[in-house]
file my_file_2.tsv (TSV, N, CA and C atoms)
chain	number	residue	atom	x	y	z
O	1	MET	N	90.96	76.30	164.75
O	1	MET	CA	90.36	77.13	163.73
O	1	MET	C	89.99	76.28	162.53
O	2	SER	N	88.95	76.68	161.87
O	2	SER	CA	88.50	75.92	160.72
O	2	SER	C	89.33	76.27	159.49
O	3	ASN	N	89.31	75.37	158.54
O	3	ASN	CA	90.01	75.62	157.28
O	3	ASN	C	89.44	76.84	156.58
O	4	GLN	N	88.12	77.02	156.66
O	4	GLN	CA	87.49	78.17	156.02
O	4	GLN	C	87.96	79.47	156.67
O	5	HIS	N	88.07	79.48	157.98
O	5	HIS	CA	88.57	80.66	158.68
O	5	HIS	C	90.01	80.96	158.25
O	6	ASN	N	90.84	79.94	158.22
O	6	ASN	CA	92.23	80.12	157.80
O	6	ASN	C	92.31	80.65	156.38
O	7	GLN	N	91.48	80.11	155.50
O	7	GLN	CA	91.48	80.57	154.11
O	7	GLN	C	91.06	82.03	154.02
O	8	ASN	N	90.06	82.41	154.78
O	8	ASN	CA	89.61	83.80	154.79
O	8	ASN	C	90.70	84.73	155.30
O	9	GLU	N	91.39	84.31	156.35
O	9	GLU	CA	92.49	85.11	156.89
O	9	GLU	C	93.64	85.21	155.89
O	10	PHE	N	93.95	84.10	155.23
O	10	PHE	CA	95.02	84.12	154.23
O	10	PHE	C	94.64	85.02	153.06
O	11	ASP	N	93.39	84.98	152.65
O	11	ASP	CA	92.93	85.86	151.56
O	11	ASP	C	93.12	87.33	151.92
O	12	LYS	N	92.89	87.66	153.20
O	12	LYS	CA	93.11	89.04	153.65
O	12	LYS	C	94.59	89.40	153.55
O	13	VAL	N	95.46	88.48	153.92
O	13	VAL	CA	96.90	88.73	153.85
O	13	VAL	C	97.32	88.92	152.39
O	14	ILE	N	96.82	88.07	151.51
O	14	ILE	CA	97.12	88.20	150.08
O	14	ILE	C	96.71	89.58	149.58
O	15	GLN	N	95.52	90.02	149.92
O	15	GLN	CA	95.04	91.33	149.48
O	15	GLN	C	95.92	92.45	150.01
O	16	GLU	N	96.34	92.33	151.26
O	16	GLU	CA	97.21	93.34	151.86
O	16	GLU	C	98.56	93.39	151.14
O	17	VAL	N	99.13	92.22	150.86
O	17	VAL	CA	100.42	92.15	150.18
O	17	VAL	C	100.29	92.69	148.75
O	18	GLU	N	99.22	92.36	148.06
O	18	GLU	CA	99.00	92.89	146.71
O	18	GLU	C	98.90	94.41	146.74
O	19	GLY	N	98.23	94.94	147.74
O	19	GLY	CA	98.12	96.39	147.88
O	19	GLY	C	99.48	97.04	148.12
O	20	LEU	N	100.28	96.43	148.98
O	20	LEU	CA	101.63	96.94	149.23
O	20	LEU	C	102.48	96.89	147.98
O	21	ASP	N	102.31	95.83	147.19
O	21	ASP	CA	103.05	95.71	145.94
O	21	ASP	C	102.63	96.81	144.96
O	22	GLU	N	101.34	97.03	144.84
O	22	GLU	CA	100.83	98.07	143.94
O	22	GLU	C	101.36	99.45	144.32
O	23	GLU	N	101.56	99.66	145.61
O	23	GLU	CA	102.06	100.95	146.10
O	23	GLU	C	103.59	101.04	146.03
O	24	GLY	N	104.23	99.94	145.63
O	24	GLY	CA	105.68	99.94	145.47
O	24	GLY	C	106.47	99.73	146.74
O	25	HIS	N	105.83	99.22	147.79
O	25	HIS	CA	106.50	99.05	149.08
O	25	HIS	C	107.27	97.73	149.22
O	26	LEU	N	107.18	96.85	148.22
O	26	LEU	CA	107.80	95.53	148.37
O	26	LEU	C	108.97	95.28	147.42
O	27	GLU	N	109.44	96.32	146.75
O	27	GLU	CA	110.48	96.12	145.74
O	27	GLU	C	111.73	95.45	146.29
O	28	GLU	N	112.18	95.86	147.45
O	28	GLU	CA	113.38	95.26	148.02
O	28	GLU	C	113.16	93.77	148.32
O	29	GLU	N	112.02	93.44	148.92
O	29	GLU	CA	111.71	92.04	149.23
O	29	GLU	C	111.57	91.22	147.95
O	30	ILE	N	110.92	91.78	146.95
O	30	ILE	CA	110.73	91.07	145.68
O	30	ILE	C	112.08	90.81	145.02
O	31	GLN	N	112.97	91.79	145.02
O	31	GLN	CA	114.29	91.60	144.43
O	31	GLN	C	115.08	90.53	145.18
O	32	THR	N	115.01	90.55	146.51
O	32	THR	CA	115.73	89.57	147.32
O	32	THR	C	115.21	88.16	147.06
O	33	ILE	N	113.90	88.01	147.04
O	33	ILE	CA	113.30	86.69	146.82
O	33	ILE	C	113.59	86.20	145.41
O	34	SER	N	113.50	87.08	144.43
O	34	SER	CA	113.76	86.66	143.05
O	34	SER	C	115.20	86.19	142.89
O	35	LYS	N	116.13	86.88	143.52
O	35	LYS	CA	117.54	86.46	143.44
O	35	LYS	C	117.78	85.16	144.20
O	36	ALA	N	117.18	85.04	145.38
O	36	ALA	CA	117.40	83.85	146.21
O	36	ALA	C	116.85	82.58	145.57
O	37	TYR	N	115.75	82.71	144.85
O	37	TYR	CA	115.08	81.52	144.29
O	37	TYR	C	115.14	81.45	142.77
O	38	GLY	N	115.90	82.35	142.15
O	38	GLY	CA	116.04	82.31	140.69
O	38	GLY	C	114.76	82.63	139.95
O	39	LEU	N	113.95	83.53	140.52
O	39	LEU	CA	112.69	83.91	139.89
O	39	LEU	C	112.84	85.26	139.20
O	40	HIS	N	112.02	85.49	138.19
O	40	HIS	CA	112.03	86.76	137.49
O	40	HIS	C	111.07	87.71	138.20
O	41	GLU	N	111.54	88.92	138.47
O	41	GLU	CA	110.74	89.88	139.25
O	41	GLU	C	109.37	90.16	138.66
O	42	ASP	N	109.27	90.22	137.34
O	42	ASP	CA	107.98	90.51	136.70
O	42	ASP	C	107.23	89.25	136.31
O	43	ASP	N	107.92	88.34	135.62
O	43	ASP	CA	107.25	87.13	135.12
O	43	ASP	C	106.75	86.22	136.24
O	44	ASP	N	107.45	86.21	137.36
O	44	ASP	CA	107.09	85.34	138.49
O	44	ASP	C	106.49	86.13	139.65
O	45	ARG	N	105.98	87.31	139.37
O	45	ARG	CA	105.49	88.22	140.42
O	45	ARG	C	104.41	87.56	141.28
O	46	GLU	N	103.46	86.88	140.66
O	46	GLU	CA	102.38	86.24	141.43
O	46	GLU	C	102.94	85.22	142.41
O	47	GLU	N	103.91	84.44	141.96
O	47	GLU	CA	104.52	83.43	142.83
O	47	GLU	C	105.27	84.10	143.99
O	48	ILE	N	105.96	85.19	143.70
O	48	ILE	CA	106.69	85.92	144.74
O	48	ILE	C	105.72	86.53	145.74
O	49	ILE	N	104.63	87.13	145.25
O	49	ILE	CA	103.62	87.72	146.12
O	49	ILE	C	103.01	86.64	147.01
O	50	PHE	N	102.73	85.48	146.43
O	50	PHE	CA	102.18	84.36	147.21
O	50	PHE	C	103.17	83.94	148.29
O	51	TYR	N	104.45	83.86	147.93
O	51	TYR	CA	105.49	83.49	148.90
O	51	TYR	C	105.52	84.47	150.07
O	52	ILE	N	105.48	85.76	149.75
O	52	ILE	CA	105.50	86.79	150.80
O	52	ILE	C	104.28	86.64	151.70
O	53	ALA	N	103.10	86.49	151.09
O	53	ALA	CA	101.86	86.37	151.87
O	53	ALA	C	101.88	85.12	152.74
O	54	GLU	N	102.35	84.03	152.19
O	54	GLU	CA	102.41	82.77	152.94
O	54	GLU	C	103.32	82.90	154.16
O	55	ASN	N	104.47	83.54	153.98
O	55	ASN	CA	105.39	83.75	155.09
O	55	ASN	C	104.80	84.66	156.15
O	56	LEU	N	104.16	85.72	155.72
O	56	LEU	CA	103.52	86.61	156.69
O	56	LEU	C	102.42	85.88	157.46
O	57	PHE	N	101.66	85.07	156.77
O	57	PHE	CA	100.57	84.34	157.41
O	57	PHE	C	101.09	83.31	158.41
O	58	GLU	N	102.12	82.55	158.00
O	58	GLU	CA	102.61	81.47	158.85
O	58	GLU	C	103.57	81.94	159.95
O	59	HIS	N	104.40	82.96	159.64
O	59	HIS	CA	105.46	83.34	160.57
O	59	HIS	C	105.32	84.76	161.10
O	60	GLY	N	104.42	85.54	160.52
O	60	GLY	CA	104.26	86.92	160.93
O	60	GLY	C	105.36	87.83	160.39
O	61	ARG	N	106.20	87.26	159.50
O	61	ARG	CA	107.29	88.03	158.88
O	61	ARG	C	107.72	87.31	157.61
O	62	ILE	N	108.52	87.99	156.83
O	62	ILE	CA	109.03	87.39	155.60
O	62	ILE	C	110.35	86.70	155.93
O	63	THR	N	110.43	85.41	155.63
O	63	THR	CA	111.66	84.66	155.85
O	63	THR	C	112.15	84.15	154.51
O	64	ILE	N	113.44	84.26	154.29
O	64	ILE	CA	114.01	83.82	153.02
O	64	ILE	C	115.00	82.69	153.27
call {"tool": "encode", "arguments": {"input": "my_file_2.tsv", "output": "structure tokens"}}
result
Amino acid sequence: MSNQHNQNEFDKVIQEVEGLDEEGHLEEEIQTISKAYGLHEDDDREEIIFYIAENLFEHGRITI
């Protein structure tokens, strides 16, 4: 697969994760990740969302 294809697919995953976050479906995952990595749930939200999307893209699930 090309890098452009991978980037397009990852962008779709990011959008999906952002949508789930907006709907409030990721609170448990966000709390777990913030505690595990010492991140602030609100201040570091973009980094946490990126982490979730990256894990979904690479592993098909969230791994902590």
call {"tool": "select_by_dssp", "arguments": {"input": "my_file_2.tsv", "residues": "chain O", "states": "helix (DSSP H, G or I)", "output": "PyMOL selection string"}}
result
chain O and resi 3-22+27-37+45-59
call {"tool": "write_last_selection", "arguments": {"input": "my_file_2.tsv", "atoms": "N, CA and C atoms", "output": "short mmCIF file (atom, residue, chain, number, x, y, z; two decimals), in the coordinates of the input"}}
result
data_model
loop_
_atom_site.label_atom_id
_atom_site.label_comp_id
_atom_site.auth_asym_id
_atom_site.auth_seq_id
_atom_site.Cartn_x
_atom_site.Cartn_y
_atom_site.Cartn_z
N ASN O 3 89.31 75.37 158.54
CA ASN O 3 90.01 75.62 157.28
C ASN O 3 89.44 76.84 156.58
N GLN O 4 88.12 77.02 156.66
CA GLN O 4 87.49 78.17 156.02
C GLN O 4 87.96 79.47 156.67
N HIS O 5 88.07 79.48 157.98
CA HIS O 5 88.57 80.66 158.68
C HIS O 5 90.01 80.96 158.25
N ASN O 6 90.84 79.94 158.22
CA ASN O 6 92.23 80.12 157.80
C ASN O 6 92.31 80.65 156.38
N GLN O 7 91.48 80.11 155.50
CA GLN O 7 91.48 80.57 154.11
C GLN O 7 91.06 82.03 154.02
N ASN O 8 90.06 82.41 154.78
CA ASN O 8 89.61 83.80 154.79
C ASN O 8 90.70 84.73 155.30
N GLU O 9 91.39 84.31 156.35
CA GLU O 9 92.49 85.11 156.89
C GLU O 9 93.64 85.21 155.89
N PHE O 10 93.95 84.10 155.23
CA PHE O 10 95.02 84.12 154.23
C PHE O 10 94.64 85.02 153.06
N ASP O 11 93.39 84.98 152.65
CA ASP O 11 92.93 85.86 151.56
C ASP O 11 93.12 87.33 151.92
N LYS O 12 92.89 87.66 153.20
CA LYS O 12 93.11 89.04 153.65
C LYS O 12 94.59 89.40 153.55
N VAL O 13 95.46 88.48 153.92
CA VAL O 13 96.90 88.73 153.85
C VAL O 13 97.32 88.92 152.39
N ILE O 14 96.82 88.07 151.51
CA ILE O 14 97.12 88.20 150.08
C ILE O 14 96.71 89.58 149.58
N GLN O 15 95.52 90.02 149.92
CA GLN O 15 95.04 91.33 149.48
C GLN O 15 95.92 92.45 150.01
N GLU O 16 96.34 92.33 151.26
CA GLU O 16 97.21 93.34 151.86
C GLU O 16 98.56 93.39 151.14
N VAL O 17 99.13 92.22 150.86
CA VAL O 17 100.42 92.15 150.18
C VAL O 17 100.29 92.69 148.75
N GLU O 18 99.22 92.36 148.06
CA GLU O 18 99.00 92.89 146.71
C GLU O 18 98.90 94.41 146.74
N GLY O 19 98.23 94.94 147.74
CA GLY O 19 98.12 96.39 147.88
C GLY O 19 99.48 97.04 148.12
N LEU O 20 100.28 96.43 148.98
CA LEU O 20 101.63 96.94 149.23
C LEU O 20 102.48 96.89 147.98
N ASP O 21 102.31 95.83 147.19
CA ASP O 21 103.05 95.71 145.94
C ASP O 21 102.63 96.81 144.96
N GLU O 22 101.34 97.03 144.84
CA GLU O 22 100.83 98.07 143.94
C GLU O 22 101.36 99.45 144.32
N GLU O 27 109.44 96.32 146.75
CA GLU O 27 110.48 96.12 145.74
C GLU O 27 111.73 95.45 146.29
N GLU O 28 112.18 95.86 147.45
CA GLU O 28 113.38 95.26 148.02
C GLU O 28 113.16 93.77 148.32
N GLU O 29 112.02 93.44 148.92
CA GLU O 29 111.71 92.04 149.23
C GLU O 29 111.57 91.22 147.95
N ILE O 30 110.92 91.78 146.95
CA ILE O 30 110.73 91.07 145.68
C ILE O 30 112.08 90.81 145.02
N GLN O 31 112.97 91.79 145.02
CA GLN O 31 114.29 91.60 144.43
C GLN O 31 115.08 90.53 145.18
N THR O 32 115.01 90.55 146.51
CA THR O 32 115.73 89.57 147.32
C THR O 32 115.21 88.16 147.06
N ILE O 33 113.90 88.01 147.04
CA ILE O 33 113.30 86.69 146.82
C ILE O 33 113.59 86.20 145.41
N SER O 34 113.50 87.08 144.43
CA SER O 34 113.76 86.66 143.05
C SER O 34 115.20 86.19 142.89
N LYS O 35 116.13 86.88 143.52
CA LYS O 35 117.54 86.46 143.44
C LYS O 35 117.78 85.16 144.20
N ALA O 36 117.18 85.04 145.38
CA ALA O 36 117.40 83.85 146.21
C ALA O 36 116.85 82.58 145.57
N TYR O 37 115.75 82.71 144.85
CA TYR O 37 115.08 81.52 144.29
C TYR O 37 115.14 81.45 142.77
N ARG O 45 105.98 87.31 139.37
CA ARG O 45 105.49 88.22 140.42
C ARG O 45 104.41 87.56 141.28
N GLU O 46 103.46 86.88 140.66
CA GLU O 46 102.38 86.24 141.43
C GLU O 46 102.94 85.22 142.41
N GLU O 47 103.91 84.44 141.96
CA GLU O 47 104.52 83.43 142.83
C GLU O 47 105.27 84.10 143.99
N ILE O 48 105.96 85.19 143.70
CA ILE O 48 106.69 85.92 144.74
C ILE O 48 105.72 86.53 145.74
N ILE O 49 104.63 87.13 145.25
CA ILE O 49 103.62 87.72 146.12
C ILE O 49 103.01 86.64 147.01
N PHE O 50 102.73 85.48 146.43
CA PHE O 50 102.18 84.36 147.21
C PHE O 50 103.17 83.94 148.29
N TYR O 51 104.45 83.86 147.93
CA TYR O 51 105.49 83.49 148.90
C TYR O 51 105.52 84.47 150.07
N ILE O 52 105.48 85.76 149.75
CA ILE O 52 105.50 86.79 150.80
C ILE O 52 104.28 86.64 151.70
N ALA O 53 103.10 86.49 151.09
CA ALA O 53 101.86 86.37 151.87
C ALA O 53 101.88 85.12 152.74
N GLU O 54 102.35 84.03 152.19
CA GLU O 54 102.41 82.77 152.94
C GLU O 54 103.32 82.90 154.16
N ASN O 55 104.47 83.54 153.98
CA ASN O 55 105.39 83.75 155.09
C ASN O 55 104.80 84.66 156.15
N LEU O 56 104.16 85.72 155.72
CA LEU O 56 103.52 86.61 156.69
C LEU O 56 102.42 85.88 157.46
N PHE O 57 101.66 85.07 156.77
CA PHE O 57 100.57 84.34 157.41
C PHE O 57 101.09 83.31 158.41
N GLU O 58 102.12 82.55 158.00
CA GLU O 58 102.61 81.47 158.85
C GLU O 58 103.57 81.94 159.95
N HIS O 59 104.40 82.96 159.64
CA HIS O 59 105.46 83.34 160.57
C HIS O 59 105.32 84.76 161.10
#
call {"tool": "closest_residue", "arguments": {"input": "my_file_2.tsv", "among": "O:Ala53, O:His40, O:Arg45, O:Asn3", "to": "Glu16 (chain O)", "atoms": "all atoms listed in the file"}}
result
O:Ala53
call {"tool": "atom_distance", "arguments": {"input": "my_file_2.tsv", "atom1": "CA of Glu46 (chain O)", "atom2": "CA of Ser2 (chain O)"}}
result
25.9 Å
call {"tool": "atom_distance", "arguments": {"input": "my_file_2.tsv", "atom1": "CA of Asp43 (chain O)", "atom2": "CA of Asn6 (chain O)"}}
result
28.1 Å
call {"tool": "atom_distance", "arguments": {"input": "my_file_2.tsv", "atom1": "CA of Gln4 (chain O)", "atom2": "CA of Glu29 (chain O)"}}
result
28.7 Å
call {"tool": "closest_residue", "arguments": {"input": "my_file_2.tsv", "among": "O:Leu39, O:Asp44, O:Leu56, O:Tyr51", "to": "Lys12 (chain O)", "atoms": "only C-alpha atoms"}}
result
O:Leu56
call {"tool": "decode", "arguments": {"input": "my_file_2.tsv", "residues": "region 1-47 of chain O", "atoms": "C-alpha atoms", "output": "short mmCIF file (atom, residue, chain, number, x, y, z; two decimals), in the first residue's frame"}}
result
data_model
loop_
_atom_site.label_atom_id
_atom_site.label_comp_id
_atom_site.auth_asym_id
_atom_site.auth_seq_id
_atom_site.Cartn_x
_atom_site.Cartn_y
_atom_site.Cartn_z
CA MET O 1 0.00 0.00 0.00
CA SER O 2 1.14 3.49 -0.69
CA ASN O 3 1.90 6.03 1.98
CA GLN O 4 -0.89 8.22 0.61
CA HIS O 5 -3.39 5.37 0.95
CA ASN O 6 -2.25 4.70 4.52
CA GLN O 7 -2.54 8.39 5.37
CA ASN O 8 -6.05 8.54 3.93
CA GLU O 9 -7.08 5.47 5.92
CA PHE O 10 -5.54 6.88 9.09
CA ASP O 11 -7.37 10.18 8.54
CA LYS O 12 -10.63 8.22 8.39
CA VAL O 13 -9.79 6.52 11.69
CA ILE O 14 -8.97 9.87 13.30
CA GLN O 15 -12.31 11.29 12.15
CA GLU O 16 -14.15 8.26 13.50
CA VAL O 17 -12.39 8.49 16.88
CA GLU O 18 -13.07 12.24 17.08
CA GLY O 19 -16.74 11.56 16.40
CA LEU O 20 -16.88 8.91 19.11
CA ASP O 21 -15.22 11.35 21.50
CA GLU O 22 -17.72 14.09 20.67
CA GLU O 23 -20.54 11.64 21.40
CA GLY O 24 -18.98 10.76 24.76
CA HIS O 25 -18.23 7.12 23.92
CA LEU O 26 -14.53 7.21 24.81
CA GLU O 27 -14.53 8.55 28.37
CA GLU O 28 -13.42 5.29 29.96
CA GLU O 29 -10.58 4.83 27.44
CA ILE O 30 -9.51 8.46 27.80
CA GLN O 31 -9.42 8.18 31.60
CA THR O 32 -7.42 4.94 31.44
CA ILE O 33 -4.90 6.35 28.97
CA SER O 34 -4.53 9.62 30.86
CA LYS O 35 -3.81 7.74 34.10
CA ALA O 36 -1.45 5.24 32.46
CA TYR O 37 0.65 7.91 30.74
CA GLY O 38 0.27 10.83 33.16
CA LEU O 39 -1.74 12.92 30.70
CA HIS O 40 -4.47 15.41 31.52
CA GLU O 41 -7.86 14.34 30.16
CA ASP O 42 -8.71 17.79 28.78
CA ASP O 43 -5.36 19.50 28.19
CA ASP O 44 -3.86 16.47 26.42
CA ARG O 45 -7.07 15.36 24.68
CA GLU O 46 -5.65 15.67 21.15
CA GLU O 47 -2.66 13.50 22.08
#
